[in-house]
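> Take this structure, written in structure tokens, and hold onto it; I'll ask about it next.
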Amino acid sequence: MSMTTTNEMIGQTPVRRRFGASDLIGLGVIVALAIVGYFLFPNNLALLTRIIAIALLVLSLDLVTGYCGVATLGHAALFGAGAYAAGIVSAHYGINDPIAMLAFGIAAGAVAGLLCGAVILRAHGLPQLVLSIALIHLFHEFANKASSWTGGSDGLSGIAPSALLGLYEFDLWGRTAYVFGVVLLVLVFAILRLIVRSPFGMLCRAIKEDPVRIRSMGASPKAALMKMYVISGAVAGVGGALNAISTQVVGLDSLSFTMSAESLVMLVLGGTGSLFGALTGTIVFMFFEDVVSAANPFHWLTMVGALLIAVVLFAPKGLYGTAADFLSRRREAK
Amino acid sequence: MQPIFEVRNLKRAFGGLAVTNDVSLSMAPGDRVALIGPNGAGKTTFVNLVTGNLTPGSGEVRLGGETVTGIDAIGRVRRGLVRSFQVTRLFLEMTPAEHVALAVLQRDGRSGRLFGNFLAMPDVMDEVGQLLGKLGLRELMHRKVSEIAYGQQRLLEIAVALALKPKVLLLDEPAAGVPQSDTGRIEQALADLPADLAVLMIEHDMDLVFRFAKRVVVLAAGAIIFDGSPSDVTRDPRVREAYLGSYANASHAA
Ligand SMILES: Nc1ncnc2c1ncn2[C@@H]1O[C@H](COP(=O)(O)OP(=O)(O)O)[C@@H](O)[C@H]1O
Ligand SMILES: [Mg+2]
């Protein structure tokens, strides 16, 4: 009986609700893009690795903003915490194994997530946004003042990751770092796909729509959002650690308001509440920042601004969200 | 029988207006009570107060012998006190199946799970299918709530409450906005409830009240003016006075 019910359900389930196949396709697309990138920009792997690190930050932001509706302009705090933790254990404590550095980055990101969540989740709407801005400035100032640990405004140097798994040195061309980054992104993406479809992911979507209603179902929105903040911190920590390992420096910019705001811009560009939206937004923004700005140093920001306005006004679901809607409507029409 | 749900001397005022004025009420397991009263009598406020969605000025709420006045709304739901909303409060971007699954998972302490999908959990899907089937929503289970009719949303509101398997169920005008052709589904769902569940239903449809309730409580201007059998309610002079003009069908139905 139970089997027939389930099959019957899936029989009437729209394609987009089926899982498994579409996830594999998604991961396949990421890997394919990574390979194309590798051959298209062999001399620019450092940039591609940085895009991956930022993509992890934007994915992390999407978890709390896109999936849970939290307004924040301070999300780089989680990324920076991961970057500094991974950098400090290497520069000051001689822990140079990249996997260990990554673990410290994840832990620090999660702790920063817990901390930021505990503060930010006390308010809603505009006050929430203000709290997040205050937090990122506090984090930034703290890192600036604790210069014996962080190198202050000079940045943290002396980060020397050893060979990955004892086999692959981090080479000058950044090949190892790039592959490491791609593997991390794929792993994180796969895990996040599971999480956003899980009962917990569903709970978070419900909280985003109506936290009062969810209380009347016996669930605590606060507890769920805290949990999501910790997960989000861990993801941002992966990005931060990747950045520290691949560039071997950590600067105050990784903990800045600018970075927080840019990550929000990227998320909105691509589309909130969708993991692919987060990736799309990151790639498009970084493409403008690095490729277009090289061709046209004066107007790239103007173009990004215009694009952002166009997206917000005419495609509020973001570039990816709008494209996905368009395609699914066309498929239905057929 | 030991009451499962007890309210003692509950009071609440909004800006000097006593909306709940010294209300006491108790229910035993298996009770089927209808709470009626003119618009603005304070029925919804009463539900908000006992569920912890509003804080009372004074008074006490007890659940299964335990005082829950100091416990928040979430804690009361977890102790088995569940309500539905007079104005539907649903997650518009989500599907009926997701609503009911969420309630089932929450009830079983599984809503925090980070892996798996309820569509692939046969026990959850069985319950979802059964409950939605009973309320005639099975065909629509994978549509967005924003795409289904208001009457169907009302039925879903009830399905969510039932999925939480309450000990005490408070239904705030469950049939309001449901087309006449579908109120039978609500009645059937109510008739199928576990016998030991205590149900308090706020309702204006007197036919439904008389078929459902073994006891009727009348609230007027924040106070209980009648608590007794359905056969007596329309003969009560104070009830007649409270309803004078506001609804003729109270006397008509008897
Ligand atoms: N939050 C509130 N603030 C002020 N007045 C309120 C509030 N909630 C309800 N009231 C008032 O309390 C009275 C009772 O409302 P309500 O409980 O919704 O009545 P009913 O459900 O019986 O129709 C009404 O006069 C209403 O205007
Ligand atoms: Mg009401």
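Ligands are numbered from 1 in the order shown, chains are lettered A, B, ... in the order of the structure tokens, and residues start at 1 in each chain.
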If we count only C-alpha atoms, what is near range 132-135 of chain B at a cut-off of 10 Å, once residues fewer than 2 positions away on the same chain are taken out, given as a CSV table (one decimal) with all heavy atoms, in the first residue's frame?

```csv
chain,number,residue,atom,x,y,z
B,96,PRO,N,0.0,22.0,-0.5
B,96,PRO,CA,-0.7,21.3,0.6
B,96,PRO,C,0.1,20.1,1.1
B,96,PRO,O,0.1,19.9,2.3
B,96,PRO,CB,-2.0,20.9,-0.1
B,96,PRO,CG,-2.2,21.9,-1.2
B,96,PRO,CD,-0.9,22.2,-1.7
B,97,ALA,N,0.7,19.3,0.2
B,97,ALA,CA,1.4,18.2,0.7
B,97,ALA,C,2.6,18.6,1.6
B,97,ALA,O,2.8,18.0,2.7
B,97,ALA,CB,2.0,17.4,-0.5
B,100,VAL,N,1.1,19.6,5.2
B,100,VAL,CA,0.8,18.5,6.0
B,100,VAL,C,2.0,17.7,6.4
B,100,VAL,O,2.2,17.3,7.6
B,100,VAL,CB,-0.3,17.6,5.4
B,100,VAL,CG1,-0.6,16.4,6.2
B,100,VAL,CG2,-1.6,18.4,5.1
B,126,ASP,N,2.0,8.6,3.3
B,126,ASP,CA,0.7,7.9,3.5
B,126,ASP,C,-0.2,8.8,4.4
B,126,ASP,O,-1.4,8.9,4.0
B,126,ASP,CB,0.9,6.6,4.4
B,126,ASP,CG,1.2,5.4,3.4
B,126,ASP,OD1,1.1,5.6,2.2
B,126,ASP,OD2,1.5,4.3,3.9
B,127,GLU,N,0.3,9.4,5.4
B,127,GLU,CA,-0.5,10.2,6.2
B,127,GLU,C,-1.0,11.4,5.5
B,127,GLU,O,-2.1,11.9,5.6
B,127,GLU,CB,0.3,10.6,7.5
B,127,GLU,CG,-0.5,10.7,8.7
B,127,GLU,CD,0.2,11.0,10.0
B,127,GLU,OE1,1.4,10.5,10.2
B,127,GLU,OE2,-0.3,11.8,10.8
B,128,VAL,N,-0.1,12.0,4.7
B,128,VAL,CA,-0.4,13.2,3.9
B,128,VAL,C,-1.5,12.9,3.0
B,128,VAL,O,-2.5,13.6,2.9
B,128,VAL,CB,0.8,13.7,3.1
B,128,VAL,CG1,0.4,14.7,2.1
B,128,VAL,CG2,1.9,14.3,4.1
B,129,GLY,N,-1.4,11.7,2.3
B,129,GLY,CA,-2.4,11.3,1.3
B,129,GLY,C,-3.8,11.1,1.9
B,129,GLY,O,-4.8,11.5,1.4
B,130,GLN,N,-3.7,10.4,3.1
B,130,GLN,CA,-5.0,10.1,3.8
B,130,GLN,C,-5.7,11.3,4.3
B,130,GLN,O,-6.9,11.5,4.0
B,130,GLN,CB,-4.6,9.2,5.0
B,130,GLN,CG,-5.0,7.8,4.9
B,130,GLN,CD,-4.5,7.0,6.0
B,130,GLN,OE1,-4.6,7.5,7.2
B,130,GLN,NE2,-4.1,5.8,5.8
B,137,LEU,N,-8.6,17.2,-0.9
B,137,LEU,CA,-7.5,18.0,-1.4
B,137,LEU,C,-6.4,17.2,-2.1
B,137,LEU,O,-5.4,17.7,-2.5
B,137,LEU,CB,-6.8,18.9,-0.3
B,137,LEU,CG,-7.7,19.9,0.4
B,137,LEU,CD1,-7.0,20.5,1.6
B,137,LEU,CD2,-8.2,20.9,-0.6
B,138,ARG,N,-6.7,15.9,-2.3
B,138,ARG,CA,-5.6,15.0,-2.7
B,138,ARG,C,-5.1,15.4,-4.1
B,138,ARG,O,-3.9,15.3,-4.4
B,138,ARG,CB,-6.2,13.6,-2.7
B,138,ARG,CG,-5.1,12.5,-2.6
B,138,ARG,CD,-5.7,11.2,-2.1
B,138,ARG,NE,-4.6,10.4,-1.7
B,138,ARG,CZ,-4.0,9.5,-2.5
B,138,ARG,NH1,-4.4,9.4,-3.8
B,138,ARG,NH2,-3.0,8.8,-2.1
B,139,GLU,N,-6.1,15.7,-5.0
B,139,GLU,CA,-5.7,16.0,-6.4
B,139,GLU,C,-4.8,17.3,-6.4
B,139,GLU,O,-4.0,17.5,-7.4
B,139,GLU,CB,-6.9,16.3,-7.3
B,139,GLU,CG,-8.0,15.4,-7.1
B,139,GLU,CD,-7.8,14.0,-7.5
B,139,GLU,OE1,-6.9,13.3,-6.9
B,139,GLU,OE2,-8.4,13.5,-8.4
B,140,LEU,N,-4.9,18.2,-5.4
B,140,LEU,CA,-4.3,19.4,-5.5
B,140,LEU,C,-3.0,19.4,-4.6
B,140,LEU,O,-2.4,20.5,-4.4
B,140,LEU,CB,-5.2,20.5,-4.9
B,140,LEU,CG,-6.5,20.7,-5.5
B,140,LEU,CD1,-7.4,21.5,-4.7
B,140,LEU,CD2,-6.4,21.3,-6.9
B,141,MET,N,-2.6,18.3,-4.2
B,141,MET,CA,-1.6,18.2,-3.1
B,141,MET,C,-0.2,18.8,-3.6
B,141,MET,O,0.5,19.3,-2.7
B,141,MET,CB,-1.4,16.8,-2.6
B,141,MET,CG,-0.8,15.8,-3.5
B,141,MET,SD,-0.8,14.1,-2.9
B,141,MET,CE,-0.5,14.3,-1.2
B,152,GLN,N,-10.7,25.8,-0.4
B,152,GLN,CA,-9.8,24.7,-0.2
B,152,GLN,C,-8.7,25.0,0.8
B,152,GLN,O,-8.2,24.2,1.5
B,152,GLN,CB,-9.2,24.3,-1.6
B,152,GLN,CG,-10.3,23.7,-2.5
B,152,GLN,CD,-9.9,23.7,-3.9
B,152,GLN,OE1,-9.2,24.6,-4.4
B,152,GLN,NE2,-10.5,22.8,-4.7
B,155,LEU,N,-9.9,24.3,4.1
B,155,LEU,CA,-9.8,22.8,4.5
B,155,LEU,C,-8.4,22.4,4.8
B,155,LEU,O,-8.2,21.6,5.7
B,155,LEU,CB,-10.4,22.0,3.3
B,155,LEU,CG,-11.8,22.2,2.9
B,155,LEU,CD1,-12.2,21.6,1.6
B,155,LEU,CD2,-12.7,21.6,4.0
B,156,LEU,N,-7.5,23.0,4.1
B,156,LEU,CA,-6.1,22.7,4.4
B,156,LEU,C,-5.7,23.2,5.8
B,156,LEU,O,-4.9,22.5,6.5
B,156,LEU,CB,-5.2,23.4,3.3
B,156,LEU,CG,-3.7,23.2,3.5
B,156,LEU,CD1,-3.3,21.7,3.5
B,156,LEU,CD2,-2.9,23.9,2.4
B,158,ILE,N,-7.5,23.1,8.3
B,158,ILE,CA,-7.9,22.1,9.2
B,158,ILE,C,-7.0,20.9,9.1
B,158,ILE,O,-6.6,20.3,10.2
B,158,ILE,CB,-9.4,21.7,8.9
B,158,ILE,CG1,-10.3,22.9,9.2
B,158,ILE,CG2,-9.8,20.5,9.7
B,158,ILE,CD1,-11.7,22.7,8.6
B,159,ALA,N,-6.6,20.5,7.9
B,159,ALA,CA,-5.7,19.4,7.7
B,159,ALA,C,-4.4,19.5,8.5
B,159,ALA,O,-3.9,18.6,9.2
B,159,ALA,CB,-5.4,19.1,6.3
B,160,VAL,N,-3.9,20.8,8.5
B,160,VAL,CA,-2.6,21.0,9.2
B,160,VAL,C,-2.8,20.8,10.7
B,160,VAL,O,-2.0,20.2,11.4
B,160,VAL,CB,-2.1,22.5,8.9
B,160,VAL,CG1,-1.0,22.8,9.8
B,160,VAL,CG2,-1.7,22.6,7.5
B,163,ALA,N,-3.1,17.2,11.5
B,163,ALA,CA,-1.9,16.4,11.3
B,163,ALA,C,-1.0,16.5,12.6
B,163,ALA,O,-0.1,15.7,12.8
B,163,ALA,CB,-1.1,17.0,10.1
B,182,ASP,N,-18.9,21.8,0.3
B,182,ASP,CA,-17.7,21.2,1.0
B,182,ASP,C,-17.8,21.1,2.5
B,182,ASP,O,-16.9,20.5,3.1
B,182,ASP,CB,-16.4,22.0,0.6
B,182,ASP,CG,-15.9,21.5,-0.8
B,182,ASP,OD1,-16.4,20.5,-1.3
B,182,ASP,OD2,-15.0,22.2,-1.3
B,183,THR,N,-18.8,21.7,3.1
B,183,THR,CA,-18.8,21.7,4.6
B,183,THR,C,-19.0,20.3,5.1
B,183,THR,O,-18.6,19.9,6.1
B,183,THR,CB,-20.0,22.6,5.1
B,183,THR,OG1,-21.2,22.2,4.5
B,183,THR,CG2,-19.7,24.1,4.9
B,184,GLY,N,-19.6,19.4,4.2
B,184,GLY,CA,-19.8,18.0,4.6
B,184,GLY,C,-18.4,17.4,4.9
B,184,GLY,O,-18.3,16.5,5.7
B,185,ARG,N,-17.4,17.8,4.1
B,185,ARG,CA,-16.1,17.2,4.3
B,185,ARG,C,-15.5,17.6,5.7
B,185,ARG,O,-14.9,16.8,6.3
B,185,ARG,CB,-15.1,17.8,3.3
B,185,ARG,CG,-15.4,17.3,1.9
B,185,ARG,CD,-14.2,17.6,1.0
B,185,ARG,NE,-14.6,17.4,-0.4
B,185,ARG,CZ,-14.5,16.1,-1.0
B,185,ARG,NH1,-14.1,15.1,-0.2
B,185,ARG,NH2,-14.8,16.0,-2.2
B,186,ILE,N,-15.8,18.9,6.1
B,186,ILE,CA,-15.3,19.3,7.4
B,186,ILE,C,-16.1,18.4,8.5
B,186,ILE,O,-15.4,17.9,9.4
B,186,ILE,CB,-15.6,20.8,7.6
B,186,ILE,CG1,-14.8,21.6,6.7
B,186,ILE,CG2,-15.3,21.2,9.1
B,186,ILE,CD1,-15.0,23.1,6.8
B,187,GLU,N,-17.4,18.3,8.3
B,187,GLU,CA,-18.1,17.5,9.3
B,187,GLU,C,-17.6,16.1,9.3
B,187,GLU,O,-17.5,15.5,10.4
B,187,GLU,CB,-19.6,17.5,8.9
B,187,GLU,CG,-20.3,18.7,9.4
B,187,GLU,CD,-21.8,18.6,9.2
B,187,GLU,OE1,-22.4,17.8,9.9
B,187,GLU,OE2,-22.3,19.3,8.3
B,188,GLN,N,-17.3,15.5,8.2
B,188,GLN,CA,-16.8,14.1,8.2
B,188,GLN,C,-15.5,14.0,8.9
B,188,GLN,O,-15.2,13.2,9.7
B,188,GLN,CB,-16.7,13.6,6.7
B,188,GLN,CG,-16.5,12.1,6.6
B,188,GLN,CD,-17.5,11.3,7.4
B,188,GLN,OE1,-18.7,11.5,7.2
B,188,GLN,NE2,-17.1,10.4,8.2
B,189,ALA,N,-14.6,15.0,8.6
B,189,ALA,CA,-13.3,15.0,9.2
B,189,ALA,C,-13.4,15.2,10.7
B,189,ALA,O,-12.7,14.5,11.5
B,189,ALA,CB,-12.4,16.1,8.7
B,192,ASP,N,-14.6,11.9,12.3
B,192,ASP,CA,-13.6,10.9,12.3
B,192,ASP,C,-12.5,11.1,13.3
B,192,ASP,O,-11.5,10.3,13.4
B,192,ASP,CB,-12.9,10.8,10.9
B,192,ASP,CG,-13.8,10.2,9.9
B,192,ASP,OD1,-14.9,9.7,10.3
B,192,ASP,OD2,-13.5,10.3,8.7
```
> Just need the residues of chain A within 6 Å of chain B, counting only C-alpha atoms, so spit them out as a PyMOL selection string.
chain A and resi 2+194-195+197-200+209+215+218
> For ligand 1, return the neighbouring residues as a ChimeraX atom specification (distance at most 7 Å; only C-alpha atoms and all ligand atoms).
/B:14,19,37-46
> Just the number, please: distance in Å from CA of Val212 in chain A to CA of Thr95 in chain B, one decimal.
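Going from CA of Val212 in chain A over to CA of Thr95 in chain B, I get 18.3 Å.
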> Which value, in Å to one decimal, gives the distance between CA of Lys222 in chain A and CA of Gly277 in chain A?
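A separation of 25.8 Å between them.
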> Let's see if you can do this: from backbone DSSP, list all helix (DSSP H, G or I) residues in range 32-112 of chain B, as a PyMOL selection string.
chain B and resi 43-51+73-78+96-107
> Enter the distance from CA of Ala206 in chain A to CA of Leu184 in chain A, in Å, rounded to one decimal.
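CA of Leu184 in chain A lies at a distance of 29.1 Å from CA of Ala206 in chain A.
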